[in-house]
Structures are given as C-alpha cells and as structure tokens.
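*Asks:* Below you will find the structure I want to go over with you.
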Amino acid sequence: MNTIPQGYLEPCDRTGRVERLDYGDKYALLYVPDGPAARMVYLIHGGGGDQHSFFCPAFLNMVDHMIRSGDMAPVYIVAPCFYAAAETDKSPSSSGIAVKRFIDELREQVMPLAEGYTGRTFARGDRAVGGFSMGAVATWYAFMQALDLFGRFLPLSGDCWTCGEKGGGSHPLETAAALADAAVRQGLPAFAIRAITGSEDIAYPNLDPQIRAMRAREDVFGGRLRYDVLPGGVHDYDTMFRYLYDALPDLFARELS
Ligand code: FER
C-alpha cells in the first residue's frame with residue numbers, strides 16, 4: 001500500500017468546498033469537488049465520531065490533491081452522522097444499534113438531500129458507501145439493506161455485527177451466510193466490496209475470520225471481494241486515510257459483476 005505523498009496533506013492550489021446539508025435536527029456534510037463529478041461516495045465515521053470526523057484538513061487536502069493530480073476522477077463525498085442528534089450513549093452496543101437503523105435515514109433523508117444538491121441522481125455503480133470502524137459496521141449493514149442503492153462497498157477496519165457485536169470474529173460462518181443470504185434476497189445485483197484493515201488493528205481479529213468465511217462462499221462473493229491487510233496498520237484515522245489514498249482511485253474503475 002502506497003504512503004500518502006507528504007505534500008498531499010498541505011493545502012492544494014485548487015480546492016473543493018464543503019457544504020452543510022440540514023435535515024430535521026441533524027446535518028450531513030458534502031464535499032463538492034472543483035469541477036464536475038460523476039460519482040458519489042458516502043463515508044461513515046467511527047464510534048464516538050460525527051460528520052466532521054472524516055472532513056479534517058488533512059483528509060480534505062488529500063482529496064483535493066488526488067483530484068488535482070489526476071490520481072482519481074472528481075467525486076462528491078458525503079459525510080453523515082449516524083447518531084441521533086440527542087444521543088449521549090456512544091458505546092459500541094448503542095452505536096451498533098444506531099448504525100443498523102441509520103441505513104433507512106441514509107436512504108430516505110441523506111441521499112435525496114445530497115443528490116438533490118448536486119442536481120443529479122447517481123446509478124448504483126456510481127455510488128459507493130464506506131466507513132471506518134463502526135462506519136464499517138454500518139457499511140456491512142448497507143450491503144445487507146441497500147444493495148439497490150449502492151454497487152460499491154468500502155468497509156475499513158470493521159466487521160459485520162449482524163450476528164452480534166464483533167460477530168465477524170465470534171460467528172464468522174453465520175455472518176458470511178447472513179451477508180450472502182441478504183445479497184440473494186435483494187436479487188443478487190452486481191457489486192464490489194473492498195475491505196481493508198491493518199495487521200495490528202483491534203478490528204483485525206474480528207474482520208479477518210469473516211473475510212475468510214466470505215471467501216468460502218464463492219457462489220456469492222467470488223470475484224467481488226477484495227481484501228487487503230496493511231502490515232503494522234493500527235486502528236486510527238491516520239492509518240485509515242492511507243487505505244482511502246489507496247482505494248479511492250480505483251473504487252469505480254472496475255466493471256461491476
Ligand atoms: C470492530 C468493529 C468496530 C471492532 C471495533 C469496532 C474491536 C468499533 C468500536 C467502537 O466504536 O468503539 O471489529 O473491533
């Protein structure tokens with residue numbers, strides 16, 4: 001996995017802008033690139049975080065540079081918050097409930113607002129959803145509930161909790177079966193999953209067994225699941241930004257199958 005060029009963390013001479021999109025008592029943030037964009041990525045924060053977790057200066061500078069340098073085509077990026085506005089309990093168990101529920105909010109409120117802002121609707125092959133840690137847990141729920149909306153999935157350092165907290169580690173076979181069943185139930189449309197974590201990441205022992213079990217389900221996941229483990233990678237945003245630096249350029253490159 002490549003390291004982010006040092007200069008990419010500094011301000012770029014051409015920058016996108018961040019818009020605040022209000023709905024109900026909440027809001028999402030939208031990165032609007034400098035120039036027209038044909039794709040949209042939804043990025044979901046980790047436990048205890050919010051819509052600002054991804055949109056720190058280093059990340060936004062990196063995205064500006066990646067677009068400016070032609071590393072990737074311009075994309076819109078939406079950063080929502082999965083917690084209810086009044087939520088004070090941000091523990092893993094409370095967060096696990098919130099992310100499962102959040103997919104409906106994403107579908108019914110965040111997506112129409114964000115895409116309404118851009119003035120276009122994106123085909124599912126031009127829409128990706130990803131996230132870090134609890135945001136990856138959310139991404140697996142998006143796979144199970146919203147395969148009609150998203151063709152591309154980018155779970156970073158987090159497993160699927162449909163069989164319980166950290167269930168990808170404790171119940172890998174059941175988790176892989178639940179993911180496969182959900183895909184079949186949704187009509188098995190074409191999709192691509194790119195899962196990434198680090199060898200020293202606290203989520204590694206949960207995600208790795210799940211991925212192995214998914215690989216054994218060739219019938220559903222064959223050729224559609226790419227998995228990378230960064231040697232030495234730990235569970236933090238800085239390491240995860242490296243995964244995005246690696247993953248964003250070819251997120252939309254492959255034909256869906
Ligand atoms: C994991 C997925 C998510 C994990 C931790 C989390 C330890 C999130 C924890 C938190 O938000 O506190 O596999 O492994």
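Numbering starts fresh at 1 for the residues of each chain in the structure tokens, the chains themselves are lettered A, B, ... in the order given, and ligands are numbered from 1 as they appear.
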How would you write, as an NGL selection string, the set of residues no farther than 10 Å from ligand 1 when counting only C-alpha atoms and all ligand atoms?

*Replies:* :A and (45-49 or 90-96 or 132-138 or 155-161 or 165-169 or 197 or 201-208 or 235)

*Asks:* Kindly export the residues of the current selection with C-alpha atoms, as a PDB file, in the first residue's frame.

*Replies:*
ATOM      1  CA  HIS A  45     -17.431   7.859  10.810  1.00  0.00           C
ATOM      2  CA  GLY A  46     -16.340   5.592  13.653  1.00  0.00           C
ATOM      3  CA  GLY A  47     -17.729   5.131  17.170  1.00  0.00           C
ATOM      4  CA  GLY A  48     -17.877   8.385  19.132  1.00  0.00           C
ATOM      5  CA  GLY A  49     -17.303  10.409  15.949  1.00  0.00           C
ATOM      6  CA  LYS A  90     -21.819   6.375  22.135  1.00  0.00           C
ATOM      7  CA  SER A  91     -20.743   2.997  23.484  1.00  0.00           C
ATOM      8  CA  PRO A  92     -20.179   0.155  20.998  1.00  0.00           C
ATOM      9  CA  SER A  93     -23.518  -1.509  21.848  1.00  0.00           C
ATOM     10  CA  SER A  94     -25.501   1.726  21.422  1.00  0.00           C
ATOM     11  CA  SER A  95     -23.540   2.539  18.252  1.00  0.00           C
ATOM     12  CA  GLY A  96     -24.236  -0.955  16.920  1.00  0.00           C
ATOM     13  CA  PHE A 132     -14.168   3.306   9.383  1.00  0.00           C
ATOM     14  CA  SER A 133     -14.658   1.038  12.402  1.00  0.00           C
ATOM     15  CA  MET A 134     -18.338   1.490  13.436  1.00  0.00           C
ATOM     16  CA  GLY A 135     -18.675   3.103   9.997  1.00  0.00           C
ATOM     17  CA  ALA A 136     -17.526  -0.199   8.514  1.00  0.00           C
ATOM     18  CA  VAL A 137     -20.142  -1.958  10.642  1.00  0.00           C
ATOM     19  CA  ALA A 138     -22.614   0.493   9.055  1.00  0.00           C
ATOM     20  CA  PRO A 155     -15.554  -1.294   4.860  1.00  0.00           C
ATOM     21  CA  LEU A 156     -12.357  -0.176   6.607  1.00  0.00           C
ATOM     22  CA  SER A 157     -11.282  -1.832   9.850  1.00  0.00           C
ATOM     23  CA  GLY A 158     -14.639  -3.109  10.986  1.00  0.00           C
ATOM     24  CA  ASP A 159     -16.615  -6.339  10.776  1.00  0.00           C
ATOM     25  CA  CYS A 160     -20.315  -7.098  10.302  1.00  0.00           C
ATOM     26  CA  TRP A 161     -22.343  -7.128  13.529  1.00  0.00           C
ATOM     27  CA  GLU A 165     -21.093  -7.265  18.499  1.00  0.00           C
ATOM     28  CA  LYS A 166     -17.845  -8.218  16.747  1.00  0.00           C
ATOM     29  CA  GLY A 167     -19.783 -11.153  15.314  1.00  0.00           C
ATOM     30  CA  GLY A 168     -17.497 -11.359  12.284  1.00  0.00           C
ATOM     31  CA  GLY A 169     -14.913 -12.732  14.687  1.00  0.00           C
ATOM     32  CA  THR A 197      -7.550  -3.301   7.709  1.00  0.00           C
ATOM     33  CA  ASP A 201      -5.691  -3.210  14.106  1.00  0.00           C
ATOM     34  CA  ILE A 202      -8.030  -4.108  17.009  1.00  0.00           C
ATOM     35  CA  ALA A 203     -10.675  -4.995  14.416  1.00  0.00           C
ATOM     36  CA  TYR A 204      -8.378  -7.425  12.574  1.00  0.00           C
ATOM     37  CA  PRO A 205      -9.322 -10.448  14.750  1.00  0.00           C
ATOM     38  CA  ASN A 206     -12.989  -9.698  14.001  1.00  0.00           C
ATOM     39  CA  LEU A 207     -12.768  -8.884  10.305  1.00  0.00           C
ATOM     40  CA  ASP A 208     -10.232 -11.488   9.184  1.00  0.00           C
ATOM     41  CA  HIS A 235      -6.903   1.320  14.341  1.00  0.00           C
TER      42      HIS A 235
END

*Asks:* Give me, as a PyMOL selection string, all polymer residues having an atom no more than 12 Å from A:Phe150, counting only C-alpha atoms and skipping those fewer than 6 positions away in the same chain.

*Replies:* chain A and resi 39-42+103+106-107+111+122-130+139-144+183+186+189-193+252+256

*Asks:* Write the residues of the selection above to a file with N, CA and C atoms, as a CSV table (one decimal), in the first residue's frame.

*Replies:*
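What follows is the written file selection.csv:
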chain,number,residue,atom,x,y,z
A,39,ARG,N,-19.5,10.7,-9.8
A,39,ARG,CA,-19.6,9.7,-8.8
A,39,ARG,C,-19.8,10.3,-7.4
A,40,MET,N,-20.4,9.5,-6.5
A,40,MET,CA,-20.6,9.9,-5.1
A,40,MET,C,-20.2,8.9,-4.1
A,41,VAL,N,-19.5,9.3,-3.1
A,41,VAL,CA,-19.0,8.3,-2.1
A,41,VAL,C,-19.6,8.8,-0.7
A,42,TYR,N,-20.2,7.9,0.0
A,42,TYR,CA,-20.7,8.2,1.4
A,42,TYR,C,-19.7,7.6,2.3
A,103,ILE,N,-29.3,3.1,8.2
A,103,ILE,CA,-29.4,2.9,6.7
A,103,ILE,C,-30.7,3.4,6.1
A,106,LEU,N,-30.2,7.1,5.8
A,106,LEU,CA,-29.4,7.4,4.7
A,106,LEU,C,-30.2,7.4,3.4
A,107,ARG,N,-31.0,6.4,3.2
A,107,ARG,CA,-31.9,6.2,2.0
A,107,ARG,C,-32.9,7.3,1.9
A,111,MET,N,-29.5,10.8,1.4
A,111,MET,CA,-29.3,10.6,-0.1
A,111,MET,C,-30.1,11.6,-0.9
A,122,PHE,N,-27.5,9.4,-9.0
A,122,PHE,CA,-26.4,8.5,-9.4
A,122,PHE,C,-26.8,7.1,-9.5
A,123,ALA,N,-26.3,6.4,-10.6
A,123,ALA,CA,-26.6,5.0,-10.7
A,123,ALA,C,-25.9,4.2,-9.6
A,124,ARG,N,-26.3,3.0,-9.2
A,124,ARG,CA,-25.7,2.4,-8.1
A,124,ARG,C,-24.2,2.0,-8.3
A,125,GLY,N,-23.9,1.9,-9.6
A,125,GLY,CA,-22.5,1.6,-9.9
A,125,GLY,C,-21.6,2.8,-9.7
A,126,ASP,N,-22.2,4.0,-9.7
A,126,ASP,CA,-21.5,5.3,-9.5
A,126,ASP,C,-21.6,5.8,-8.0
A,127,ARG,N,-22.2,4.9,-7.2
A,127,ARG,CA,-22.3,5.3,-5.8
A,127,ARG,C,-21.6,4.2,-4.9
A,128,ALA,N,-20.8,4.7,-4.0
A,128,ALA,CA,-20.1,3.9,-3.0
A,128,ALA,C,-20.5,4.3,-1.6
A,129,VAL,N,-20.4,3.3,-0.7
A,129,VAL,CA,-20.5,3.6,0.7
A,129,VAL,C,-19.4,2.9,1.4
A,130,GLY,N,-18.8,3.6,2.3
A,130,GLY,CA,-17.7,3.1,3.1
A,130,GLY,C,-17.7,3.7,4.5
A,139,THR,N,-21.4,0.0,7.0
A,139,THR,CA,-21.2,-0.3,5.6
A,139,THR,C,-21.7,-1.7,5.3
A,140,TRP,N,-21.4,-2.7,6.3
A,140,TRP,CA,-21.9,-4.0,6.1
A,140,TRP,C,-23.5,-4.1,6.2
A,141,TYR,N,-24.0,-3.2,7.1
A,141,TYR,CA,-25.5,-3.1,7.1
A,141,TYR,C,-26.0,-2.5,5.8
A,142,ALA,N,-25.3,-1.6,5.2
A,142,ALA,CA,-25.8,-1.0,3.9
A,142,ALA,C,-25.8,-2.1,2.9
A,143,PHE,N,-24.8,-3.0,2.9
A,143,PHE,CA,-24.8,-4.1,2.0
A,143,PHE,C,-26.0,-5.0,2.2
A,144,MET,N,-26.4,-5.2,3.4
A,144,MET,CA,-27.5,-6.1,3.7
A,144,MET,C,-28.8,-5.5,3.4
A,183,ALA,N,-27.7,-10.7,0.2
A,183,ALA,CA,-27.5,-10.4,-1.2
A,183,ALA,C,-28.4,-11.1,-2.1
A,186,GLN,N,-31.9,-9.7,-2.0
A,186,GLN,CA,-32.0,-8.5,-2.7
A,186,GLN,C,-31.9,-8.7,-4.3
A,189,PRO,N,-27.8,-8.4,-7.2
A,189,PRO,CA,-27.3,-7.5,-8.3
A,189,PRO,C,-25.7,-7.5,-8.3
A,190,ALA,N,-25.1,-6.9,-9.3
A,190,ALA,CA,-23.7,-6.8,-9.3
A,190,ALA,C,-23.2,-5.9,-8.2
A,191,PHE,N,-22.0,-6.3,-7.6
A,191,PHE,CA,-21.5,-5.4,-6.6
A,191,PHE,C,-20.0,-5.7,-6.5
A,192,ALA,N,-19.3,-4.8,-5.8
A,192,ALA,CA,-17.9,-5.0,-5.5
A,192,ALA,C,-17.6,-4.5,-4.1
A,193,ILE,N,-16.9,-5.3,-3.3
A,193,ILE,CA,-16.5,-5.0,-1.9
A,193,ILE,C,-15.0,-4.9,-1.8
A,252,PHE,N,-14.1,3.0,-8.5
A,252,PHE,CA,-15.1,3.0,-9.6
A,252,PHE,C,-14.5,2.4,-10.9
A,256,LEU,N,-18.8,-3.6,-12.6
A,256,LEU,CA,-19.4,-4.4,-11.6
A,256,LEU,C,-19.8,-5.8,-12.2

*Asks:* Quick check, in Å to one decimal: how far apart do atom CA of A:Tyr117 and atom CA of A:Val75 lie?

*Replies:*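 The value is 13.8 Å.
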
*Asks:* Need the shell around A:Ile211: protein/DNA/RNA residues with any atom at most 8 Å away, counting only C-alpha atoms. Skip same-chain ones fewer than 3 positions apart. Format as a list in words?

*Replies:*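 After dropping sequence-adjacent residues, the list is Pro172, Ala176, Leu207, Asp208, Met214, Arg215 and Tyr227 of chain A.
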
*Asks:* Output N, CA, C and O atoms for every residue in the selection just made, as a compact mmCIF listing (two decimals), in the first residue's frame.

*Replies:*
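Full text of again03.txt as output:
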# COMPACT_ATOMS: atom_id res chain seq x y z
N PRO A 172 -18.05 -16.20 12.41
CA PRO A 172 -17.72 -15.89 11.00
C PRO A 172 -18.59 -16.61 9.98
O PRO A 172 -19.03 -15.98 9.00
N ALA A 176 -21.04 -14.65 7.41
CA ALA A 176 -20.89 -14.76 5.95
C ALA A 176 -22.19 -15.27 5.33
O ALA A 176 -22.61 -14.80 4.26
N LEU A 207 -12.52 -8.95 11.75
CA LEU A 207 -12.77 -8.88 10.31
C LEU A 207 -12.15 -10.08 9.56
O LEU A 207 -12.77 -10.62 8.65
N ASP A 208 -10.95 -10.46 9.96
CA ASP A 208 -10.23 -11.49 9.18
C ASP A 208 -10.99 -12.82 9.08
O ASP A 208 -11.14 -13.35 7.97
N MET A 214 -16.34 -15.50 4.10
CA MET A 214 -16.97 -14.97 2.88
C MET A 214 -16.30 -15.54 1.63
O MET A 214 -16.96 -15.87 0.64
N ARG A 215 -14.98 -15.67 1.68
CA ARG A 215 -14.25 -16.23 0.53
C ARG A 215 -14.73 -17.65 0.20
O ARG A 215 -14.73 -18.05 -0.96
N TYR A 227 -9.63 -7.92 -0.48
CA TYR A 227 -9.31 -7.73 0.93
C TYR A 227 -7.82 -7.47 1.06
O TYR A 227 -7.02 -8.23 0.51

*Asks:* Looking only at strand (DSSP E) from DSSP on the backbone, list the matching residues of stretch 153-218 of chain A as a list in words.

*Replies:*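 Answer for stretch 153-218 of chain A, restricted to strand (DSSP E): Phe153, Leu154, Pro155, Leu156, Ala192, Ile193, Arg194, Ala195, Ile196, Thr197 and Gly198 of chain A.
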
*Asks:* Mind dumping the selected residues with C-alpha atoms as a compact mmCIF listing (two decimals), in the first residue's frame?

*Replies:*
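Saved file out_24.txt follows:
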# COMPACT_ATOMS: atom_id res chain seq x y z
CA PHE A 153 -18.62 -1.02 -0.62
CA LEU A 154 -15.53 0.05 1.29
CA PRO A 155 -15.55 -1.29 4.86
CA LEU A 156 -12.36 -0.18 6.61
CA ALA A 192 -17.86 -4.98 -5.48
CA ILE A 193 -16.52 -4.99 -1.91
CA ARG A 194 -13.08 -3.75 -0.94
CA ALA A 195 -12.30 -4.47 2.72
CA ILE A 196 -9.08 -3.18 4.26
CA THR A 197 -7.55 -3.30 7.71
CA GLY A 198 -4.14 -3.48 9.39

*Asks:* Please extract the residues of stretch 60-254 of chain A with a backbone DSSP assignment of alpha helix (DSSP H) and present them as a ChimeraX atom specification.

*Replies:* /A:60-68,92-105,111-118,134-145,167-170,172-185,204-215,218-221,237-247

*Asks:* Given only C-alpha atoms as the basis, pick out the residue of A:Ala37, A:Ala146, A:Leu173, A:Ala114 nearest to A:Lys100.

*Replies:*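 Answer, going by the shortest atom-to-atom distance: A:Ala146.
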
*Asks:* Report, in Å with one decimal, the straight-line distance from atom CA of A:Asp34 to atom CA of A:Arg17.

*Replies:*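 Distance reported for this atom pair: 7.6 Å.
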